[in-house]
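K.L.:
Below is upload18.cif; it holds mmCIF, C-alpha atoms.
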```cif
data_final
#
loop_
_atom_site.label_atom_id
_atom_site.label_comp_id
_atom_site.auth_asym_id
_atom_site.auth_seq_id
_atom_site.Cartn_x
_atom_site.Cartn_y
_atom_site.Cartn_z
CA THR A 1 120.86 117.15 111.16
CA ALA A 2 118.11 114.71 110.25
CA VAL A 3 114.65 116.21 110.04
CA ASN A 4 111.34 114.35 110.25
CA ASP A 5 109.49 115.53 107.16
CA THR A 6 105.77 116.29 107.29
CA PRO A 7 103.69 113.89 105.14
CA SER A 8 102.05 115.33 102.03
CA GLY A 9 98.68 114.49 100.50
CA THR A 10 95.10 114.50 101.66
CA VAL A 11 92.50 112.40 103.47
CA THR A 12 89.05 112.33 101.87
CA ILE A 13 85.61 110.98 102.83
CA SER A 14 83.11 109.46 100.43
CA GLY A 15 79.59 108.17 100.98
CA THR A 16 76.09 109.36 101.87
CA THR A 17 75.72 111.42 105.05
CA ALA A 18 72.63 109.78 106.49
CA GLU A 19 71.96 107.48 109.43
CA ASP A 20 72.91 103.83 108.82
CA GLN A 21 74.94 104.78 105.74
CA VAL A 22 78.65 103.98 105.45
CA LEU A 23 81.33 106.63 105.02
CA THR A 24 84.73 105.58 103.65
CA ALA A 25 88.03 107.32 104.32
CA SER A 26 90.82 107.17 101.73
CA ASN A 27 94.13 108.95 101.42
CA SER A 28 96.89 109.99 99.04
CA LEU A 29 99.50 110.44 101.75
CA ALA A 30 103.21 110.21 101.04
CA ASP A 31 106.20 110.74 103.30
CA ASP A 32 109.86 111.21 102.37
CA ASP A 33 110.75 109.37 105.57
CA GLY A 34 108.54 106.46 104.54
CA PHE A 35 105.61 104.78 106.31
CA THR A 36 105.70 101.47 108.07
CA SER A 37 103.80 98.96 105.94
CA THR A 38 101.36 96.12 106.35
CA THR A 39 100.50 93.24 104.01
CA ILE A 40 97.27 93.83 102.11
CA PHE A 41 97.51 90.94 99.63
CA GLU A 42 99.55 87.79 99.20
CA ASP A 43 99.28 84.67 97.06
CA ASN A 44 101.46 81.58 96.86
CA PHE A 45 99.12 79.89 94.35
CA ASN A 46 98.39 76.85 96.45
CA ALA A 47 95.46 74.59 95.63
CA ASP A 48 92.49 76.58 96.94
CA PRO A 49 89.09 77.28 95.34
CA TYR A 50 89.69 81.02 95.03
CA VAL A 51 93.04 81.28 93.25
CA ASN A 52 91.50 81.68 89.78
CA THR A 53 89.10 84.39 90.95
CA ARG A 54 91.81 86.69 92.28
CA TRP A 55 93.55 87.21 88.94
CA SER A 56 92.58 88.66 85.56
CA PHE A 57 94.64 88.91 82.38
CA PHE A 58 95.42 91.59 79.81
CA ASP A 59 97.27 91.23 76.51
CA GLU A 60 98.74 94.52 75.30
CA ALA A 61 97.40 95.50 71.88
CA LEU A 62 100.77 95.74 70.15
CA ALA A 63 101.70 92.25 71.35
CA ILE A 64 98.58 90.21 70.57
CA ASN A 65 99.17 90.38 66.79
CA THR A 66 101.77 87.67 67.41
CA ARG A 67 99.72 85.17 69.42
CA PRO A 68 97.42 85.22 72.47
CA SER A 69 98.78 84.69 75.96
CA ASN A 70 98.40 81.45 77.87
CA TRP A 71 98.24 82.00 81.63
CA SER A 72 97.43 79.04 83.87
CA PHE A 73 97.59 78.04 87.53
CA ASP A 74 100.00 75.28 88.46
CA SER A 75 98.47 74.59 91.87
CA SER A 76 100.30 71.29 92.33
CA ASN A 77 103.57 73.23 92.41
CA GLY A 78 102.06 76.41 93.85
CA ARG A 79 102.74 78.91 91.06
CA ILE A 80 101.23 80.76 88.10
CA LYS A 81 102.74 80.33 84.64
CA GLN A 82 102.64 81.91 81.19
CA THR A 83 103.69 79.70 78.28
CA SER A 84 103.02 81.61 75.05
CA ASN A 85 105.70 83.62 73.26
CA ILE A 86 103.60 86.80 72.96
CA TYR A 87 106.04 89.37 71.55
CA ALA A 88 106.45 92.93 70.22
CA THR A 89 109.28 95.43 70.73
CA ILE A 90 108.57 98.83 72.32
CA SER A 91 109.89 101.65 70.15
CA ASP A 92 112.72 103.48 72.00
CA GLY A 93 112.08 101.23 74.97
CA GLN A 94 115.70 100.20 75.61
CA GLY A 95 114.88 96.72 74.32
CA ALA A 96 111.79 96.26 76.49
CA LEU A 97 108.82 94.40 75.03
CA TRP A 98 105.05 94.66 74.87
CA GLY A 99 103.52 91.57 76.38
CA THR A 100 100.89 90.22 78.73
CA ILE A 101 99.89 91.00 82.32
CA ALA A 102 98.25 89.01 85.11
CA TYR A 103 96.78 91.54 87.54
CA VAL A 104 95.11 91.23 90.93
CA ASN A 105 91.41 92.11 90.64
CA ASN A 106 90.95 92.68 94.37
CA PRO A 107 89.26 96.12 94.69
CA GLY A 108 91.15 96.68 97.92
CA LEU A 109 94.38 96.90 95.95
CA ASN A 110 93.07 99.64 93.66
CA THR A 111 94.60 102.16 96.01
CA TYR A 112 97.89 103.67 97.07
CA PHE A 113 99.84 100.51 97.96
CA THR A 114 103.55 101.09 98.54
CA ASP A 115 105.40 97.80 98.15
CA PHE A 116 104.98 94.85 95.74
CA GLN A 117 107.20 91.84 95.14
CA ALA A 118 107.16 88.40 93.54
CA SER A 119 109.44 85.45 92.86
CA VAL A 120 110.16 84.81 89.17
CA TYR A 121 111.52 81.84 87.23
CA SER A 122 112.32 82.29 83.55
CA GLY A 123 112.96 79.45 81.13
CA ASP A 124 113.72 81.95 78.35
CA ASN A 125 115.87 85.09 77.99
CA ASP A 126 113.28 87.78 77.28
CA ASP A 127 111.29 90.30 79.34
CA VAL A 128 109.87 89.55 82.82
CA GLY A 129 108.77 91.91 85.56
CA VAL A 130 106.14 93.33 87.89
CA VAL A 131 103.52 96.02 87.42
CA ALA A 132 102.46 98.87 89.72
CA ARG A 133 99.35 101.08 89.84
CA TYR A 134 97.63 99.08 87.08
CA SER A 135 94.34 100.59 85.88
CA VAL A 136 91.72 97.88 85.38
CA ASN A 137 89.83 100.27 83.07
CA THR A 138 92.63 101.20 80.66
CA GLY A 139 95.48 98.76 81.28
CA SER A 140 97.83 101.69 81.88
CA HIS A 141 100.48 101.20 84.57
CA TYR A 142 104.08 101.49 85.71
CA ARG A 143 106.39 98.55 85.03
CA PHE A 144 109.76 97.26 86.15
CA SER A 145 111.13 94.54 83.91
CA VAL A 146 114.45 92.83 83.16
CA ARG A 147 115.36 91.37 79.77
CA GLN A 148 118.23 88.87 79.79
CA GLN A 149 118.68 89.06 76.02
CA THR A 150 119.55 92.78 76.04
CA GLY A 151 121.05 92.91 79.53
CA LYS A 152 118.87 95.84 80.59
CA ALA A 153 116.31 96.64 83.26
CA VAL A 154 113.78 99.44 82.76
CA ILE A 155 111.08 101.33 84.60
CA LEU A 156 108.33 102.30 82.16
CA ARG A 157 105.19 104.41 82.24
CA VAL A 158 102.79 102.54 79.96
CA ASP A 159 99.67 104.06 78.40
CA ASN A 160 97.67 101.23 76.87
CA THR A 161 94.96 103.62 75.64
CA SER A 162 97.40 105.16 73.15
CA ASN A 163 99.78 102.17 72.93
CA THR A 164 102.73 104.24 74.10
CA ALA A 165 105.43 103.58 76.66
CA THR A 166 107.91 106.05 78.18
CA VAL A 167 111.22 104.95 79.67
CA LEU A 168 111.58 106.64 83.06
CA SER A 169 114.88 104.96 83.92
CA TYR A 170 117.09 102.10 82.72
CA VAL A 171 120.30 100.36 83.73
CA SER A 172 122.40 97.34 82.77
CA ALA A 173 121.02 94.28 84.57
CA THR A 174 120.43 90.61 83.95
CA TYR A 175 119.06 87.40 85.44
CA THR A 176 120.00 83.73 85.25
CA GLN A 177 117.69 81.49 83.25
CA ASN A 178 116.09 78.52 85.01
CA GLN A 179 116.69 79.98 88.47
CA TRP A 180 114.26 81.69 90.83
CA PHE A 181 114.88 85.33 91.69
CA ASN A 182 112.95 88.06 93.50
CA ILE A 183 111.81 91.38 92.04
CA ARG A 184 110.24 94.21 94.00
CA LEU A 185 108.79 97.68 93.44
CA VAL A 186 108.47 100.35 96.13
CA VAL A 187 106.30 103.40 95.41
CA ASP A 188 106.58 106.59 97.45
CA GLY A 189 104.77 109.65 96.11
CA ASN A 190 105.83 109.91 92.46
CA LYS A 191 109.04 107.91 92.97
CA ILE A 192 109.46 104.24 92.02
CA THR A 193 112.38 102.16 93.30
CA ALA A 194 113.10 98.70 91.87
CA PHE A 195 114.97 95.85 93.54
CA LYS A 196 116.27 92.45 92.42
CA ASP A 197 117.11 89.86 95.06
CA GLY A 198 117.00 92.54 97.74
CA VAL A 199 119.45 94.90 96.02
CA GLU A 200 118.31 98.24 94.56
CA VAL A 201 118.63 98.15 90.76
CA LEU A 202 117.30 101.56 89.74
CA SER A 203 114.77 104.25 90.59
CA ALA A 204 112.69 106.80 88.70
CA ILE A 205 110.53 109.84 89.36
CA ASP A 206 107.52 110.49 87.15
CA SER A 207 107.75 114.27 86.84
CA THR A 208 104.37 114.39 85.08
CA GLU A 209 102.75 113.51 88.40
CA GLY A 210 103.08 116.36 90.89
CA GLY A 211 101.82 114.20 93.75
CA PRO A 212 101.40 110.48 94.34
CA LEU A 213 101.12 108.22 91.31
CA PRO A 214 97.57 107.35 90.19
CA ALA A 215 95.86 104.60 92.15
CA GLY A 216 95.81 101.09 90.76
CA THR A 217 96.36 97.42 91.46
CA VAL A 218 99.46 95.22 91.01
CA GLY A 219 100.41 92.65 88.42
CA LEU A 220 102.93 90.28 86.83
CA PHE A 221 104.43 90.86 83.38
CA THR A 222 106.05 88.74 80.71
CA GLY A 223 106.94 89.60 77.12
CA GLY A 224 108.41 87.29 74.48
CA ASN A 225 109.17 84.78 77.20
CA THR A 226 108.17 81.13 77.46
CA PRO A 227 107.84 79.67 79.95
CA THR A 228 107.67 82.09 82.87
CA TYR A 229 106.63 81.19 86.42
CA PHE A 230 105.66 83.49 89.30
CA ASP A 231 105.20 82.70 92.98
CA ASP A 232 105.15 84.26 96.47
CA VAL A 233 103.33 87.46 95.53
CA VAL A 234 103.12 90.05 98.34
CA ALA A 235 101.65 93.56 98.19
CA LYS A 236 101.87 95.99 101.09
CA GLY A 237 100.35 99.35 101.89
CA PRO A 238 101.22 102.06 104.38
CA ASP A 239 100.18 101.15 107.90
CA ILE A 240 97.97 104.20 108.29
CA SER A 241 95.21 104.25 110.90
CA TYR A 242 92.23 106.58 110.96
CA GLN A 243 90.40 108.45 113.73
CA TRP A 244 86.81 109.47 113.10
CA LYS A 245 85.55 112.52 114.96
CA ARG A 246 82.09 113.88 115.80
CA ALA A 247 81.92 117.65 116.17
CA GLY A 248 85.69 117.68 116.57
CA ALA A 249 85.81 115.04 119.32
CA ALA A 250 87.30 111.59 118.75
CA ILE A 251 84.74 108.78 118.55
CA SER A 252 85.88 105.91 120.76
CA GLY A 253 86.91 102.83 118.77
CA ALA A 254 86.25 104.48 115.38
CA THR A 255 89.66 103.83 113.82
CA ALA A 256 88.80 101.80 110.70
CA SER A 257 88.70 103.18 107.16
CA THR A 258 84.89 103.02 107.23
CA ARG A 259 82.29 104.48 109.58
CA THR A 260 78.60 103.53 109.75
CA LEU A 261 76.67 106.62 110.80
CA THR A 262 74.46 106.37 113.88
CA GLN A 263 71.72 108.46 115.46
CA ALA A 264 74.38 110.20 117.57
CA ASP A 265 76.03 111.47 114.36
CA VAL A 266 72.91 113.15 112.99
CA GLY A 267 73.32 116.91 112.73
CA LYS A 268 77.01 116.74 113.71
CA ALA A 269 80.11 117.43 111.60
CA ILE A 270 81.81 114.07 110.93
CA THR A 271 85.52 114.29 110.10
CA VAL A 272 88.45 111.91 109.97
CA THR A 273 92.20 112.15 110.41
CA ALA A 274 94.96 109.69 109.46
#
```
Would it be possible to restate this file's structure as structure tokens?
P.N.:
Amino acid sequence: TAVNDTPSGTVTISGTTAEDQVLTASNSLADDDGFTSTTIFEDNFNADPYVNTRWSFFDEALAINTRPSNWSFDSSNGRIKQTSNIYATISDGQGALWGTIAYVNNPGLNTYFTDFQASVYSGDNDDVGVVARYSVNTGSHYRFSVRQQTGKAVILRVDNTSNTATVLSYVSATYTQNQWFNIRLVVDGNKITAFKDGVEVLSAIDSTEGGPLPAGTVGLFTGGNTPTYFDDVVAKGPDISYQWKRAGAAISGATASTRTLTQADVGKAITVTA
């Protein structure tokens, strides 16, 4: 008999508890049954004045001794591209490579998003993929990539502070050069599931994380590959709504992730549920 599992995790409040100050609710909720999701970021790299402010770039230390990366925006064709052959093999990485990452610098994505996908076009046969829970401070992240040359796909936990990478799962997989394909990562708690063209390729559980994976943004990865193009980037988060309460009673209309305190809140216990 199917059972509706109770979500795990917590809801927390940050901010200064004073009139006119803003409190912010955040959560680390996970559910084995899954949450419905809503789009929190998308980019098709069309010609707009903001495309180059949404993305930042990071070359992994063990790859930049070959040559620097070369990311650029091809707005006339609506895509982002990487054209340098930055290259270094990960030790015991099932053929995966160190490389370069374009990550979304939107602070709103530095959270517990659940679903990230992008279209990829590879003119080479090396490593391409997507990145989850990327730390803008350390460059550490989780990565799903496929390398045509070795015929393998891997999910890695990458620590760019110590220049180490751990293979969490791998499987035989490939792609066709000079053709677009879709890759997608779904994160639920400490489990990562990877898809290619809508079909599940592999999954992994990071047993070092007892609860949800660390927060972080999303990104695009290429290693030893030139040229690589990415398009149609979409990141989604759980469609979780909040209810702010004053002295245990629901505050009408207070369902956003933030709450500006008013005179009516002074001296009252302010709580929130999700």
K.L.:
Taking the file as shown, find all residues satisfying the PyMOL selection byres ((chain A and resi 220) around 8) and write them as a VMD selection string.
P.N.:
chain A and resid 101 to 103 129 to 131 218 to 219 221 to 222 230
K.L.:
Kindly save the residues from that selection, with C-alpha atoms included, as a PDB file, in the coordinates of the input.
P.N.:
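Below is the file that was written, again.pdb:
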```pdb
ATOM      1  CA  ILE A 101      99.890  91.000  82.320  1.00  0.00           C
ATOM      2  CA  ALA A 102      98.250  89.010  85.110  1.00  0.00           C
ATOM      3  CA  TYR A 103      96.780  91.540  87.540  1.00  0.00           C
ATOM      4  CA  GLY A 129     108.770  91.910  85.560  1.00  0.00           C
ATOM      5  CA  VAL A 130     106.140  93.330  87.890  1.00  0.00           C
ATOM      6  CA  VAL A 131     103.520  96.020  87.420  1.00  0.00           C
ATOM      7  CA  VAL A 218      99.460  95.220  91.010  1.00  0.00           C
ATOM      8  CA  GLY A 219     100.410  92.650  88.420  1.00  0.00           C
ATOM      9  CA  PHE A 221     104.430  90.860  83.380  1.00  0.00           C
ATOM     10  CA  THR A 222     106.050  88.740  80.710  1.00  0.00           C
ATOM     11  CA  PHE A 230     105.660  83.490  89.300  1.00  0.00           C
TER      12      PHE A 230
END
```
K.L.:
I'd like the interatomic distance between CA of Ser84 in chain A and CA of Phe57 in chain A, to a tenth of an Å.
P.N.:
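Taking CA of Ser84 in chain A and CA of Phe57 in chain A, their separation equals 13.3 Å.
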K.L.:
When distances are computed from all atoms listed in the file, which of A:Asn163, A:Thr228, A:Ser140, A:Ser172 shows the smallest separation from Leu213 in chain A?
P.N.:
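Smallest distance to Leu213 in chain A is found for A:Ser140.
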K.L.:
Could you tell me which residues the PyMOL selection byres ((chain A and resi 202) around 10) grabs in this file, written as a list in words?
P.N.:
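Residues picked by the PyMOL selection byres ((chain A and resi 202) around 10): Phe144, Ala153, Val154, Ile155, Ser169, Tyr170, Val171, Ser172, Ala173, Ile192, Thr193, Ala194, Phe195, Lys196, Val199, Glu200, Val201, Ser203 and Ala204 of chain A.
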K.L.:
Please list, as a VMD selection string, the residues that have an atom at most 10 Å away from (110.5, 92.9, 77.1) in the coordinates of this file, counting all atoms listed in the file.
P.N.:
chain A and resid 87 to 90 93 to 99 125 to 129 145 to 150 152 to 154 221 to 225
K.L.:
At a cut-off of 12 Å, using all atoms listed in the file, what residues contact Ser76 in chain A? Leave out same-chain residues fewer than 6 positions from it and give the result as a PyMOL selection string.
P.N.:
chain A and resi 44-48
K.L.:
Keeping only C-alpha atoms, write the selected residues as a PDB file, keeping the file's coordinate frame.
P.N.:
```pdb
ATOM      1  CA  ASN A  44     101.460  81.580  96.860  1.00  0.00           C
ATOM      2  CA  PHE A  45      99.120  79.890  94.350  1.00  0.00           C
ATOM      3  CA  ASN A  46      98.390  76.850  96.450  1.00  0.00           C
ATOM      4  CA  ALA A  47      95.460  74.590  95.630  1.00  0.00           C
ATOM      5  CA  ASP A  48      92.490  76.580  96.940  1.00  0.00           C
TER       6      ASP A  48
END
```
K.L.:
Taking (99.3, 85.1, 73.9) in the file's coordinates, which residues come within 10 Å, counting only C-alpha atoms, written as number ranges by chain?
P.N.:
A: 58-60, 63-71, 82-87, 99-100, 223-224
K.L.:
Emit the selected residues as a short mmCIF file (atom, residue, chain, number, x, y, z; two decimals), in the frame of the given file, including C-alpha atoms.
P.N.:
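What landed in again-v8.cif:
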```
data_model
loop_
_atom_site.label_atom_id
_atom_site.label_comp_id
_atom_site.auth_asym_id
_atom_site.auth_seq_id
_atom_site.Cartn_x
_atom_site.Cartn_y
_atom_site.Cartn_z
CA PHE A 58 95.42 91.59 79.81
CA ASP A 59 97.27 91.23 76.51
CA GLU A 60 98.74 94.52 75.30
CA ALA A 63 101.70 92.25 71.35
CA ILE A 64 98.58 90.21 70.57
CA ASN A 65 99.17 90.38 66.79
CA THR A 66 101.77 87.67 67.41
CA ARG A 67 99.72 85.17 69.42
CA PRO A 68 97.42 85.22 72.47
CA SER A 69 98.78 84.69 75.96
CA ASN A 70 98.40 81.45 77.87
CA TRP A 71 98.24 82.00 81.63
CA GLN A 82 102.64 81.91 81.19
CA THR A 83 103.69 79.70 78.28
CA SER A 84 103.02 81.61 75.05
CA ASN A 85 105.70 83.62 73.26
CA ILE A 86 103.60 86.80 72.96
CA TYR A 87 106.04 89.37 71.55
CA GLY A 99 103.52 91.57 76.38
CA THR A 100 100.89 90.22 78.73
CA GLY A 223 106.94 89.60 77.12
CA GLY A 224 108.41 87.29 74.48
#
```
K.L.:
If I take CA of Asp43 in chain A and CA of Ala132 in chain A, how far is one from the other in Å, to one decimal?
P.N.:
16.3 Å
K.L.:
List the spatial neighbours of Thr161 in chain A as number ranges by chain - criterion: any atom at most 12 Å away, all atoms listed in the file, same-chain residues fewer than 3 positions off excluded.
P.N.:
A: 60-62, 135-141, 158, 164-165
